[in-house]
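Next up, coords21.txt (compact mmCIF, C-alpha atoms):
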# COMPACT_ATOMS: atom_id res chain seq x y z
CA MET J 1 0.00 0.00 0.00
CA ALA J 2 1.31 3.34 -1.00
CA ILE J 3 1.66 5.92 1.74
CA ARG J 4 -0.75 8.79 1.02
CA ARG J 5 0.59 12.13 2.02
CA VAL J 6 -1.87 14.23 3.94
CA PRO J 7 -2.20 17.56 2.12
CA GLU J 8 -1.10 20.40 4.37
CA ILE J 9 -3.62 23.13 4.99
CA ASN J 10 -2.27 26.52 4.24
CA ALA J 11 -2.69 28.42 7.48
CA SER J 12 -1.05 31.67 6.49
CA SER J 13 -4.37 33.42 5.99
CA MET J 14 -5.46 32.49 9.51
CA ALA J 15 -3.51 35.40 10.92
CA ASP J 16 -5.29 37.79 8.57
CA ILE J 17 -8.70 36.46 9.58
CA ALA J 18 -7.82 36.81 13.24
CA PHE J 19 -6.55 40.33 12.64
CA LEU J 20 -9.82 41.28 11.00
CA LEU J 21 -11.78 39.92 13.96
CA LEU J 22 -9.49 41.74 16.36
CA ILE J 23 -9.96 45.05 14.57
CA PHE J 24 -13.73 44.51 14.50
CA PHE J 25 -13.75 44.08 18.30
CA LEU J 26 -11.49 47.06 18.83
CA VAL J 27 -13.88 49.24 16.90
CA THR J 28 -17.18 48.02 18.33
CA THR J 29 -16.28 47.83 22.01
CA GLN J 30 -15.51 50.46 24.56
CA MET J 31 -12.95 50.20 27.29
CA LYS J 32 -13.69 53.55 28.81
CA THR J 33 -13.44 53.36 32.56
CA GLU J 34 -16.42 55.06 34.03
CA VAL J 35 -15.98 57.18 37.10
CA GLY J 36 -18.44 58.91 39.33
CA ILE J 37 -19.51 59.83 42.81
CA GLN J 38 -21.25 56.89 44.41
CA ARG J 39 -24.06 57.26 46.90
CA VAL J 40 -26.54 55.01 48.65
CA LEU J 41 -30.00 56.57 48.70
CA PRO J 42 -32.22 56.41 51.75
CA PRO J 43 -35.51 54.52 51.48
CA ILE J 44 -38.67 56.61 51.22
CA PRO J 45 -39.77 57.46 54.77
CA ASP J 46 -43.04 56.15 56.07
CA PRO J 47 -45.44 59.13 56.20
CA LYS J 48 -46.74 57.93 59.57
CA ALA J 49 -43.29 57.57 61.13
CA LYS J 50 -42.06 60.42 63.28
CA ILE J 51 -39.14 62.39 61.96
CA PRO J 52 -36.28 61.95 64.42
CA GLU J 53 -35.29 65.17 66.13
CA VAL J 54 -31.78 66.34 65.39
CA LYS J 55 -30.08 68.84 67.65
CA GLU J 56 -29.12 72.11 66.04
CA ARG J 57 -25.44 71.67 66.94
CA ASN J 58 -25.27 68.39 65.02
CA LEU J 59 -26.44 69.93 61.76
CA LEU J 60 -24.49 71.65 59.04
CA LYS J 61 -26.94 73.07 56.56
CA ILE J 62 -25.76 73.55 53.01
CA ASP J 63 -28.13 75.26 50.61
CA ILE J 64 -27.79 75.58 46.88
CA THR J 65 -29.88 78.52 45.72
CA ARG J 66 -31.60 79.00 42.38
CA ASN J 67 -28.63 81.11 41.17
CA ASP J 68 -26.15 78.32 42.02
CA LYS J 69 -24.91 80.11 45.13
CA VAL J 70 -23.80 77.93 48.01
CA LEU J 71 -24.91 78.89 51.51
CA VAL J 72 -23.55 77.26 54.65
CA ASN J 73 -25.84 77.78 57.64
CA GLY J 74 -27.40 80.70 55.78
CA SER J 75 -24.25 82.63 54.84
CA ALA J 76 -22.77 82.61 51.36
CA THR J 77 -19.50 80.75 50.83
CA GLY J 78 -17.57 79.61 47.81
CA THR J 79 -17.15 75.91 47.13
CA GLU J 80 -13.39 76.20 47.75
CA GLY J 81 -13.67 76.62 51.49
CA LEU J 82 -16.46 74.08 51.83
CA ARG J 83 -14.17 71.08 52.22
CA ASP J 84 -12.38 72.54 55.25
CA ARG J 85 -15.61 73.83 56.68
CA ILE J 86 -17.15 70.33 56.67
CA ARG J 87 -13.96 68.82 58.06
CA PHE J 88 -13.80 71.35 60.85
CA PHE J 89 -17.48 70.77 61.63
CA VAL J 90 -17.38 66.96 61.69
CA ALA J 91 -14.07 66.61 63.52
CA ASN J 92 -14.87 69.17 66.25
CA ASN J 93 -11.35 68.90 67.62
CA SER J 94 -11.83 71.68 70.17
CA ASN J 95 -14.97 70.04 71.65
CA ASP J 96 -16.91 73.23 71.03
CA SER J 97 -20.46 73.17 72.39
CA ALA J 98 -21.74 74.70 69.13
CA LEU J 99 -20.26 71.87 67.08
CA PRO J 100 -21.44 68.22 66.91
CA GLU J 101 -21.60 65.88 69.86
CA LYS J 102 -19.37 62.84 70.02
CA LYS J 103 -20.26 59.36 71.07
CA PHE J 104 -17.59 57.02 72.35
CA GLN J 105 -17.71 53.68 70.63
CA ASP J 106 -15.59 50.58 70.83
CA ILE J 107 -14.70 49.57 67.29
CA TYR J 108 -12.38 46.64 66.75
CA PRO J 109 -9.40 46.99 65.97
CA LEU J 110 -9.33 50.74 66.58
CA GLY J 111 -10.29 50.58 70.22
CA LYS J 112 -12.31 53.38 71.77
CA VAL J 113 -12.97 56.19 69.32
CA ALA J 114 -15.07 59.33 69.45
CA VAL J 115 -17.62 59.09 66.66
CA SER J 116 -18.93 62.45 65.57
CA ARG J 117 -22.69 62.77 65.26
CA GLY J 118 -22.51 65.62 62.81
CA ILE J 119 -24.83 65.49 59.84
CA VAL J 120 -24.37 67.39 56.63
CA PHE J 121 -27.76 68.46 55.40
CA LEU J 122 -27.87 69.35 51.72
CA LYS J 123 -30.76 71.21 50.22
CA SER J 124 -30.80 72.16 46.58
CA HIS J 125 -33.25 74.43 44.82
CA PRO J 126 -35.05 72.80 41.85
CA GLU J 127 -33.72 75.52 39.57
CA ALA J 128 -30.08 75.00 40.62
CA SER J 129 -27.76 73.32 38.14
CA TYR J 130 -26.52 69.77 38.40
CA GLU J 131 -22.95 71.00 38.04
CA THR J 132 -23.09 72.94 41.30
CA TYR J 133 -24.75 70.03 43.04
CA ILE J 134 -21.96 67.66 41.96
CA ARG J 135 -19.35 70.22 43.00
CA VAL J 136 -20.86 70.33 46.49
CA GLN J 137 -21.16 66.53 46.63
CA ASN J 138 -17.52 66.33 45.56
CA GLU J 139 -16.48 68.62 48.41
CA ILE J 140 -18.46 66.55 50.91
CA THR J 141 -16.85 63.33 49.63
CA ALA J 142 -13.42 64.95 49.81
CA ALA J 143 -13.98 66.15 53.38
CA PHE J 144 -14.92 62.68 54.64
CA GLN J 145 -12.13 61.11 52.64
CA LEU J 146 -9.58 63.43 54.25
CA LEU J 147 -10.91 62.70 57.75
CA ARG J 148 -10.75 58.96 57.12
CA ASP J 149 -7.24 59.18 55.75
CA GLN J 150 -6.20 61.19 58.78
CA LEU J 151 -7.59 58.60 61.19
CA SER J 152 -6.12 55.76 59.17
CA LYS J 153 -2.67 57.39 59.23
CA GLU J 154 -2.97 57.99 62.95
CA LYS J 155 -3.95 54.40 63.76
CA PHE J 156 -2.27 52.30 61.07
CA GLY J 157 0.30 54.65 59.56
CA VAL J 158 -1.06 54.49 56.01
CA PRO J 159 -3.91 56.22 54.15
CA LEU J 160 -7.22 54.42 53.77
CA ALA J 161 -6.62 53.35 50.17
CA SER J 162 -3.41 51.55 51.14
CA LEU J 163 -5.06 49.42 53.83
CA SER J 164 -5.29 45.83 52.69
CA ASP J 165 -7.29 44.39 55.56
CA PRO J 166 -11.04 44.82 54.82
CA GLN J 167 -11.79 44.73 58.56
CA LYS J 168 -9.59 47.74 59.19
CA LYS J 169 -11.19 49.59 56.27
CA GLU J 170 -14.63 48.88 57.64
CA ALA J 171 -13.57 50.04 61.10
CA ILE J 172 -12.37 53.36 59.70
CA ARG J 173 -15.65 53.75 57.84
CA GLN J 174 -17.57 53.10 61.03
CA ALA J 175 -15.49 55.54 63.03
CA ILE J 176 -16.16 58.30 60.50
CA PRO J 177 -19.56 57.62 59.00
CA ALA J 178 -20.42 59.78 56.00
CA MET J 179 -23.58 61.31 57.36
CA VAL J 180 -25.12 63.18 54.49
CA SER J 181 -28.80 63.91 54.40
CA GLU J 182 -30.71 65.45 51.56
CA SER J 183 -33.95 67.33 51.67
CA GLU J 184 -37.05 65.60 50.37
CA PRO J 185 -38.18 67.19 47.12
CA GLU J 186 -41.21 69.43 47.32
CA PRO J 187 -44.45 67.59 46.51
CA MET J 188 -45.04 67.65 42.75
CA LYS J 189 -48.01 69.54 41.48
CA MET L 1 34.65 24.46 16.90
CA SER L 2 33.30 22.60 13.95
CA ILE L 3 29.75 22.93 15.27
CA PHE L 4 29.85 26.72 15.18
CA ILE L 5 31.24 26.82 11.69
CA LYS L 6 28.43 24.59 10.50
CA THR L 7 25.66 26.77 11.88
CA ARG L 8 27.22 29.88 10.54
CA HIS L 9 27.10 28.52 7.04
CA ARG L 10 23.53 27.25 7.22
CA GLN L 11 21.28 29.18 4.93
CA GLY L 12 17.57 29.57 4.23
CA SER L 13 16.47 29.70 7.90
CA PHE L 14 13.42 31.97 8.27
CA ILE L 15 11.13 32.88 11.15
CA SER L 16 8.23 30.52 11.53
CA THR L 17 4.91 32.38 11.42
CA SER L 18 2.75 29.41 12.30
CA SER L 19 2.21 30.66 15.85
CA LEU L 20 1.11 34.11 14.70
CA PRO L 21 -2.61 33.20 14.44
CA ASP L 22 -2.49 31.85 17.99
CA ILE L 23 -1.00 35.07 19.31
CA ILE L 24 -3.63 37.11 17.52
CA PHE L 25 -6.39 34.88 18.84
CA ILE L 26 -5.14 35.35 22.39
CA LEU L 27 -5.24 39.12 21.83
CA LEU L 28 -8.72 38.79 20.39
CA PHE L 29 -9.99 36.83 23.40
CA PHE L 30 -8.40 39.35 25.72
CA PHE L 31 -10.35 42.15 24.04
CA MET L 32 -13.56 40.15 24.00
CA VAL L 33 -13.32 39.54 27.73
CA SER L 34 -12.11 42.93 28.90
CA THR L 35 -14.41 45.15 26.89
CA ARG L 36 -18.09 45.69 26.64
CA LEU L 37 -20.10 45.94 23.45
CA ARG L 38 -21.61 49.29 22.72
CA ASP L 39 -25.12 48.22 23.50
CA THR L 40 -27.04 51.45 23.47
CA GLN L 41 -27.01 54.24 20.99
CA ILE L 42 -26.72 57.43 23.00
CA LEU L 43 -29.36 59.87 21.82
CA VAL L 44 -28.54 62.76 24.11
CA ASN L 45 -25.61 65.09 24.32
CA VAL L 46 -23.95 64.68 27.72
CA VAL L 47 -21.07 66.64 29.18
CA PRO L 48 -20.73 65.25 32.72
CA PRO L 49 -19.73 67.62 35.52
CA ALA L 50 -16.12 67.50 36.69
CA ALA L 51 -15.21 66.05 40.08
CA SER L 52 -11.86 65.27 41.67
CA GLU L 53 -13.04 62.64 44.17
CA SER L 54 -14.71 60.31 41.69
CA GLN L 55 -14.27 56.59 42.09
CA LYS L 56 -14.16 53.88 39.48
CA LEU L 57 -17.33 51.99 38.76
CA GLU L 58 -16.85 48.32 39.64
CA LYS L 59 -18.65 45.34 38.14
CA LYS L 60 -20.01 46.82 34.94
CA SER L 61 -22.39 43.92 34.35
CA ASN L 62 -24.46 45.10 37.29
CA VAL L 63 -24.86 48.68 36.15
CA SER L 64 -27.89 50.25 34.49
CA TYR L 65 -27.63 53.58 32.79
CA ILE L 66 -29.93 56.58 32.72
CA TYR L 67 -28.86 59.37 30.39
CA VAL L 68 -30.08 62.94 30.72
CA GLY L 69 -29.21 65.67 28.27
CA GLN L 70 -30.17 67.68 25.25
CA PRO L 71 -31.25 65.55 22.26
CA LEU L 72 -28.54 65.17 19.62
CA ASN L 73 -31.02 66.09 16.92
CA THR L 74 -32.42 69.31 18.36
CA THR L 75 -34.40 70.24 15.25
CA LYS L 76 -36.41 67.03 15.47
CA HIS L 77 -36.72 66.48 19.22
CA GLY L 78 -36.52 70.03 20.57
CA GLU L 79 -33.97 71.60 22.86
CA ALA L 80 -35.47 70.61 26.19
CA TYR L 81 -33.46 68.18 28.32
CA ARG L 82 -34.66 64.63 27.91
CA ILE L 83 -34.20 61.35 29.75
CA GLN L 84 -32.99 58.34 27.81
CA LEU L 85 -33.71 54.79 28.94
CA ASN L 86 -32.36 51.98 26.74
CA ASP L 87 -32.69 53.16 23.15
CA ARG L 88 -35.39 55.79 23.38
CA TYR L 89 -36.52 58.95 25.10
CA ALA L 90 -38.62 58.46 28.20
CA GLU L 91 -40.42 60.33 30.95
CA THR L 92 -39.71 60.13 34.69
CA GLY L 93 -42.82 57.98 35.15
CA GLU L 94 -41.24 55.18 33.12
CA ILE L 95 -38.19 54.80 35.40
CA GLY L 96 -40.06 52.45 37.73
CA SER L 97 -40.80 49.92 34.99
CA PHE L 98 -37.30 50.34 33.56
CA ILE L 99 -35.72 49.41 36.93
CA GLY L 100 -38.18 46.52 37.22
CA ALA L 101 -37.08 45.20 33.84
CA GLU L 102 -33.41 45.69 34.67
CA LYS L 103 -33.83 43.75 37.90
CA ALA L 104 -35.90 40.97 36.28
CA PHE L 105 -33.03 39.37 34.40
CA ARG L 106 -30.56 39.50 37.27
CA LEU L 107 -29.93 37.04 40.06
CA PRO L 108 -31.69 37.84 43.36
CA GLU L 109 -28.42 38.66 45.14
CA GLU L 110 -27.40 40.94 42.27
CA GLN L 111 -30.71 42.79 42.32
CA LYS L 112 -29.95 44.36 45.69
CA ASN L 113 -26.60 45.62 44.47
CA LEU L 114 -27.82 47.00 41.17
CA VAL L 115 -26.05 50.28 40.56
CA VAL L 116 -27.83 52.92 38.53
CA SER L 117 -25.39 55.22 36.83
CA LEU L 118 -26.89 58.62 36.21
CA VAL L 119 -25.11 60.09 33.23
CA ALA L 120 -26.43 63.63 33.22
CA ASP L 121 -25.30 66.80 31.54
CA LYS L 122 -23.92 69.48 33.85
CA ARG L 123 -26.51 72.04 32.72
CA VAL L 124 -29.48 69.90 33.72
CA LYS L 125 -31.71 71.50 36.34
CA MET L 126 -31.87 69.89 39.77
CA ASN L 127 -35.61 69.27 39.61
CA THR L 128 -35.10 66.68 36.84
CA ILE L 129 -32.38 65.01 38.91
CA GLN L 130 -34.55 65.09 42.04
CA GLU L 131 -37.46 63.49 40.18
CA ILE L 132 -35.19 60.70 38.90
CA ILE L 133 -33.69 60.11 42.34
CA TYR L 134 -37.16 59.98 43.88
CA ALA L 135 -38.30 57.47 41.25
CA LEU L 136 -35.23 55.33 41.96
CA ARG L 137 -35.98 55.34 45.66
CA GLN L 138 -39.56 54.34 44.94
CA SER L 139 -38.42 51.41 42.82
CA GLU L 140 -35.87 50.41 45.49
CA ALA L 141 -32.75 50.99 43.44
CA PHE L 142 -30.76 52.65 46.18
CA ARG L 143 -27.25 52.55 44.81
CA VAL L 144 -26.51 55.38 42.44
CA ASN L 145 -23.45 56.62 40.67
CA TYR L 146 -23.39 60.23 39.56
CA ALA L 147 -21.22 59.96 36.45
CA THR L 148 -18.51 62.60 36.38
CA ARG L 149 -15.36 63.28 34.46
CA LYS L 150 -11.93 63.54 36.02
CA GLU L 151 -10.71 67.04 36.62
Starting from the file, give its structure as structure tokens.
Amino acid sequence: MAIRRVPEINASSMADIAFLLLIFFLVTTQMKTEVGIQRVLPPIPDPKAKIPEVKERNLLKIDITRNDKVLVNGSATGTEGLRDRIRFFVANNSNDSALPEKKFQDIYPLGKVAVSRGIVFLKSHPEASYETYIRVQNEITAAFQLLRDQLSKEKFGVPLASLSDPQKKEAIRQAIPAMVSESEPEPMK
Amino acid sequence: MSIFIKTRHRQGSFISTSSLPDIIFILLFFFMVSTRLRDTQILVNVVPPAASESQKLEKKSNVSYIYVGQPLNTTKHGEAYRIQLNDRYAETGEIGSFIGAEKAFRLPEEQKNLVVSLVADKRVKMNTIQEIIYALRQSEAFRVNYATRKE
């Protein structure tokens, strides 16, 4: 019996086909990393439930007016100073009686920490622009981020983002809770 | 010594390209896995507001998008800011059913963690945003991402 030679398949065009497919995927897909400010919304309050009373000293009121002006406790401020204002308010390092109360809590592995009860209350006018709103939200996020980093450096020697232990991260988050409250929108007509 | 002399005089050796298709296929699979198909045609013009503290959006498969902006074709659809859900313009009243549909094809444990990314133009008025946020709270989609661009 004669040995039949198997004809070799020419595979040189395979690379071209694969290249075409590759280019097709490069064109039709997007690799854009999306970024944003993330928030967890509160559930809609029960109309029958009583609104919990909040002491005046624990509240920092931020208003965005219809002309995109930012008011803190009724007085106009630029968004630049807002970050430090929130930090100063929440931290209350001097234990001022006009600034938020502190509650001592035992959080593992931090030990006993003073948790501020300060709440940032944000109210925006329906006519205000989204850009101003995001700028204020950005400042609030930055303020809490700075406070958390500060505590993390104090306790563990590294900023929050460099902590690898999820338990430590969670502890820092509990010690400085991001207490942001937003006004309920006016009833729609 | 003789070995070296032999190799030096060998001729006709060329690079084998038989592994090239495999390399390209690996690249192809990498792109197929790491990217997402452009699934919706964006009908509104969106310039997101800038923010320095923005975080990356994790787990893209569990993200639903709501776009708000001026229609691309202003002569046909007017200049008023519109909401886009999936491939068409919608009203705030339709957000509830949109979230319901988005949750329906996800696993129960994923449904709780559904993130709604609000891709809104910076010139949009707050009342539109507030209406959307209220509708999201009503339909129990509590996790939101306000899409921004890096400063």
Residue neighbourhood Ser97 (chain J), 12 Å, all atoms listed in the file, exclusion window fewer than 5 positions, as an mmCIF file with C-alpha atoms, in the coordinates of the input:
data_model
loop_
_atom_site.group_PDB
_atom_site.id
_atom_site.type_symbol
_atom_site.label_atom_id
_atom_site.label_comp_id
_atom_site.auth_asym_id
_atom_site.auth_seq_id
_atom_site.Cartn_x
_atom_site.Cartn_y
_atom_site.Cartn_z
ATOM 1 C CA LYS J 55 -30.080 68.840 67.650
ATOM 2 C CA GLU J 56 -29.120 72.110 66.040
ATOM 3 C CA ARG J 57 -25.440 71.670 66.940
ATOM 4 C CA ASN J 58 -25.270 68.390 65.020
ATOM 5 C CA PHE J 89 -17.480 70.770 61.630
ATOM 6 C CA ASN J 92 -14.870 69.170 66.250
ATOM 7 C CA LYS J 102 -19.370 62.840 70.020
#
Inset, instruction - Give me the residues within 12 Å of Pro45 (chain J) as a PyMOL selection string, counting only C-alpha atoms and dropping any in the same chain fewer than 4 places off. - result: (chain J and resi 41+49-52+183-184) or (chain L and resi 134+137-138)
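The interatomic distance for the pair CA of Arg88 (chain L) and CA of Thr28 (chain J) works out to 20.4 Å.
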Legend entry - d(CA of Gln111 (chain L), CA of Ile83 (chain L)) in Å: 22.7 Å
Legend entry - Surrounding residues of Met14 (chain J) excluding itself and chain neighbours under 5 positions, 12 Å, only C-alpha atoms, as a ChimeraX atom specification: /J:9,19-21 /L:17-25
With C-alpha atoms retained, could you export that selection as a JSON list (two decimals), in the frame of the given file?
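What ended up in part-v1.json:
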[["chain", "number", "residue", "atom", "x", "y", "z"],
["J", 9, "ILE", "CA", -3.62, 23.13, 4.99],
["J", 19, "PHE", "CA", -6.55, 40.33, 12.64],
["J", 20, "LEU", "CA", -9.82, 41.28, 11.00],
["J", 21, "LEU", "CA", -11.78, 39.92, 13.96],
["L", 17, "THR", "CA", 4.91, 32.38, 11.42],
["L", 18, "SER", "CA", 2.75, 29.41, 12.30],
["L", 19, "SER", "CA", 2.21, 30.66, 15.85],
["L", 20, "LEU", "CA", 1.11, 34.11, 14.70],
["L", 21, "PRO", "CA", -2.61, 33.20, 14.44],
["L", 22, "ASP", "CA", -2.49, 31.85, 17.99],
["L", 23, "ILE", "CA", -1.00, 35.07, 19.31],
["L", 24, "ILE", "CA", -3.63, 37.11, 17.52],
["L", 25, "PHE", "CA", -6.39, 34.88, 18.84]]
Report as JSON lines the residues of chain L within 7 Å of chain J, each with its shortest atom pair and distance in Å (one decimal), using all atoms listed in the file, ordered by chain and increasing residue number.
{"residue": "L:Leu20", "atom": "CA", "partner": "J:Ala15", "partner_atom": "CA", "distance": 6.1}
{"residue": "L:Pro21", "atom": "CA", "partner": "J:Ala15", "partner_atom": "CA", "distance": 4.2}
{"residue": "L:Ile24", "atom": "CA", "partner": "J:Ala18", "partner_atom": "CA", "distance": 6.0}
{"residue": "L:Phe25", "atom": "CA", "partner": "J:Ala18", "partner_atom": "CA", "distance": 6.1}
{"residue": "L:Leu28", "atom": "CA", "partner": "J:Leu22", "partner_atom": "CA", "distance": 5.1}
{"residue": "L:Phe31", "atom": "CA", "partner": "J:Phe25", "partner_atom": "CA", "distance": 6.9}
{"residue": "L:Met32", "atom": "CA", "partner": "J:Phe25", "partner_atom": "CA", "distance": 6.9}
{"residue": "L:Thr35", "atom": "CA", "partner": "J:Met31", "partner_atom": "CA", "distance": 5.3}
{"residue": "L:Arg36", "atom": "CA", "partner": "J:Thr29", "partner_atom": "CA", "distance": 5.4}
{"residue": "L:Leu37", "atom": "CA", "partner": "J:Thr29", "partner_atom": "CA", "distance": 4.5}
{"residue": "L:Arg38", "atom": "CA", "partner": "J:Thr29", "partner_atom": "CA", "distance": 5.6}
{"residue": "L:Pro49", "atom": "CA", "partner": "J:Glu131", "partner_atom": "CA", "distance": 5.3}
{"residue": "L:Ala51", "atom": "CA", "partner": "J:Asn138", "partner_atom": "CA", "distance": 6.0}
{"residue": "L:Ser52", "atom": "CA", "partner": "J:Asn138", "partner_atom": "CA", "distance": 6.9}
{"residue": "L:Glu53", "atom": "CA", "partner": "J:Asn138", "partner_atom": "CA", "distance": 6.0}
{"residue": "L:Ser54", "atom": "CA", "partner": "J:Gly36", "partner_atom": "CA", "distance": 4.6}
{"residue": "L:Gln55", "atom": "CA", "partner": "J:Val35", "partner_atom": "CA", "distance": 5.3}
{"residue": "L:Lys56", "atom": "CA", "partner": "J:Val35", "partner_atom": "CA", "distance": 4.5}
{"residue": "L:Leu57", "atom": "CA", "partner": "J:Val35", "partner_atom": "CA", "distance": 5.6}
{"residue": "L:Lys122", "atom": "CA", "partner": "J:Glu131", "partner_atom": "CA", "distance": 4.6}
{"residue": "L:Arg123", "atom": "CA", "partner": "J:Ser129", "partner_atom": "CA", "distance": 5.7}
{"residue": "L:Val124", "atom": "CA", "partner": "J:Tyr130", "partner_atom": "CA", "distance": 5.5}
{"residue": "L:Lys125", "atom": "CA", "partner": "J:Ser129", "partner_atom": "CA", "distance": 4.7}
{"residue": "L:Met126", "atom": "CA", "partner": "J:Pro126", "partner_atom": "CA", "distance": 4.8}
{"residue": "L:Asn127", "atom": "CA", "partner": "J:Pro126", "partner_atom": "CA", "distance": 4.2}
{"residue": "L:Gln130", "atom": "CA", "partner": "J:Pro185", "partner_atom": "CA", "distance": 6.6}
{"residue": "L:Arg137", "atom": "CA", "partner": "J:Pro43", "partner_atom": "CA", "distance": 5.9}
{"residue": "L:Gln138", "atom": "CA", "partner": "J:Ile44", "partner_atom": "CA", "distance": 6.7}
{"residue": "L:Phe142", "atom": "CA", "partner": "J:Leu41", "partner_atom": "CA", "distance": 4.7}
{"residue": "L:Arg143", "atom": "CA", "partner": "J:Val40", "partner_atom": "CA", "distance": 4.6}
{"residue": "L:Val144", "atom": "CA", "partner": "J:Arg39", "partner_atom": "CA", "distance": 5.4}
{"residue": "L:Asn145", "atom": "CA", "partner": "J:Gln38", "partner_atom": "CA", "distance": 4.3}
{"residue": "L:Tyr146", "atom": "CA", "partner": "J:Ile37", "partner_atom": "CA", "distance": 5.1}
{"residue": "L:Ala147", "atom": "CA", "partner": "J:Gly36", "partner_atom": "CA", "distance": 4.1}
{"residue": "L:Thr148", "atom": "CA", "partner": "J:Gly36", "partner_atom": "CA", "distance": 4.7}
{"residue": "L:Arg149", "atom": "CA", "partner": "J:Val35", "partner_atom": "CA", "distance": 6.7}
Legend entry - Nearby residues (only C-alpha atoms) at most 9 Å from Ala80 (chain L), same-chain spacing under 3 positions excluded, as a PyMOL selection string: chain L and resi 69-71+74+77
Inset, instruction - Would you kindly return, as a ChimeraX atom specification, each protein, DNA or RNA residue with an atom no farther than 12 Å from any atom of Lys168 (chain J), considering only C-alpha atoms and excluding same-chain residues fewer than 6 positions away? - result: /J:107-111,148,151-153,155-156,158-162,174-175
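Distance-wise, CA of Asn73 (chain J) and CA of Asn93 (chain J) end up 19.7 Å apart.
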Axis-aligned box over every listed atom of region 61-73 of chain L, padded by 6 Å per side: centre and edges in Å to one decimal, as AutoDock Vina command-line options?
--center_x -26.8 --center_y 55.8 --center_z 27.1 --size_x 20.9 --size_y 35.8 --size_z 32.4
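Among the candidates J:Arg87, J:Lys123, J:Lys103, J:Lys48, the one nearest to Thr65 (chain J) when counting all atoms listed in the file is J:Lys123.
For the residues L:Leu72, L:Leu136, L:Ala104, L:Ile129, ranking by smallest atom-to-atom distance to Asn45 (chain L) using only C-alpha atoms places L:Leu72 first.
With all atoms listed in the file as the basis for measurement, L:Leu43 is the residue among L:Leu43, L:Ile99, L:Leu118, L:Ile132 that approaches Asp87 (chain L) most closely.
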What would region 71-82 of chain L look like with N, CA, C and O atoms restored, written as a PDB file, keeping the file's coordinate frame?
ATOM      1  N   PRO L  71     -31.259  66.492  23.379  1.00  0.00           N
ATOM      2  CA  PRO L  71     -31.250  65.550  22.260  1.00  0.00           C
ATOM      3  C   PRO L  71     -30.179  65.927  21.224  1.00  0.00           C
ATOM      4  O   PRO L  71     -29.907  67.106  21.016  1.00  0.00           O
ATOM      5  N   LEU L  72     -29.571  64.897  20.618  1.00  0.00           N
ATOM      6  CA  LEU L  72     -28.540  65.170  19.620  1.00  0.00           C
ATOM      7  C   LEU L  72     -29.123  65.896  18.426  1.00  0.00           C
ATOM      8  O   LEU L  72     -28.527  66.791  17.858  1.00  0.00           O
ATOM      9  N   ASN L  73     -30.339  65.471  18.043  1.00  0.00           N
ATOM     10  CA  ASN L  73     -31.020  66.090  16.920  1.00  0.00           C
ATOM     11  C   ASN L  73     -32.025  67.098  17.461  1.00  0.00           C
ATOM     12  O   ASN L  73     -33.183  66.786  17.684  1.00  0.00           O
ATOM     13  N   THR L  74     -31.552  68.331  17.704  1.00  0.00           N
ATOM     14  CA  THR L  74     -32.420  69.310  18.360  1.00  0.00           C
ATOM     15  C   THR L  74     -33.535  69.804  17.456  1.00  0.00           C
ATOM     16  O   THR L  74     -34.572  70.235  17.925  1.00  0.00           O
ATOM     17  N   THR L  75     -33.345  69.762  16.142  1.00  0.00           N
ATOM     18  CA  THR L  75     -34.400  70.240  15.250  1.00  0.00           C
ATOM     19  C   THR L  75     -35.597  69.294  15.262  1.00  0.00           C
ATOM     20  O   THR L  75     -36.737  69.713  15.114  1.00  0.00           O
ATOM     21  N   LYS L  76     -35.325  68.019  15.495  1.00  0.00           N
ATOM     22  CA  LYS L  76     -36.410  67.030  15.470  1.00  0.00           C
ATOM     23  C   LYS L  76     -37.056  66.854  16.841  1.00  0.00           C
ATOM     24  O   LYS L  76     -38.268  66.734  16.969  1.00  0.00           O
ATOM     25  N   HIS L  77     -36.199  66.822  17.889  1.00  0.00           N
ATOM     26  CA  HIS L  77     -36.720  66.480  19.220  1.00  0.00           C
ATOM     27  C   HIS L  77     -36.791  67.667  20.175  1.00  0.00           C
ATOM     28  O   HIS L  77     -37.118  67.503  21.339  1.00  0.00           O
ATOM     29  N   GLY L  78     -36.453  68.865  19.694  1.00  0.00           N
ATOM     30  CA  GLY L  78     -36.520  70.030  20.570  1.00  0.00           C
ATOM     31  C   GLY L  78     -35.277  70.172  21.410  1.00  0.00           C
ATOM     32  O   GLY L  78     -34.418  69.286  21.435  1.00  0.00           O
ATOM     33  N   GLU L  79     -35.190  71.311  22.109  1.00  0.00           N
ATOM     34  CA  GLU L  79     -33.970  71.600  22.860  1.00  0.00           C
ATOM     35  C   GLU L  79     -34.086  71.290  24.337  1.00  0.00           C
ATOM     36  O   GLU L  79     -33.124  71.437  25.080  1.00  0.00           O
ATOM     37  N   ALA L  80     -35.276  70.899  24.775  1.00  0.00           N
ATOM     38  CA  ALA L  80     -35.470  70.610  26.190  1.00  0.00           C
ATOM     39  C   ALA L  80     -34.679  69.363  26.581  1.00  0.00           C
ATOM     40  O   ALA L  80     -34.486  68.472  25.763  1.00  0.00           O
ATOM     41  N   TYR L  81     -34.229  69.327  27.829  1.00  0.00           N
ATOM     42  CA  TYR L  81     -33.460  68.180  28.320  1.00  0.00           C
ATOM     43  C   TYR L  81     -34.358  66.954  28.443  1.00  0.00           C
ATOM     44  O   TYR L  81     -35.469  67.038  28.951  1.00  0.00           O
ATOM     45  N   ARG L  82     -33.869  65.846  27.924  1.00  0.00           N
ATOM     46  CA  ARG L  82     -34.660  64.630  27.910  1.00  0.00           C
ATOM     47  C   ARG L  82     -33.952  63.509  28.652  1.00  0.00           C
ATOM     48  O   ARG L  82     -32.732  63.496  28.770  1.00  0.00           O
TER      49      ARG L  82
END
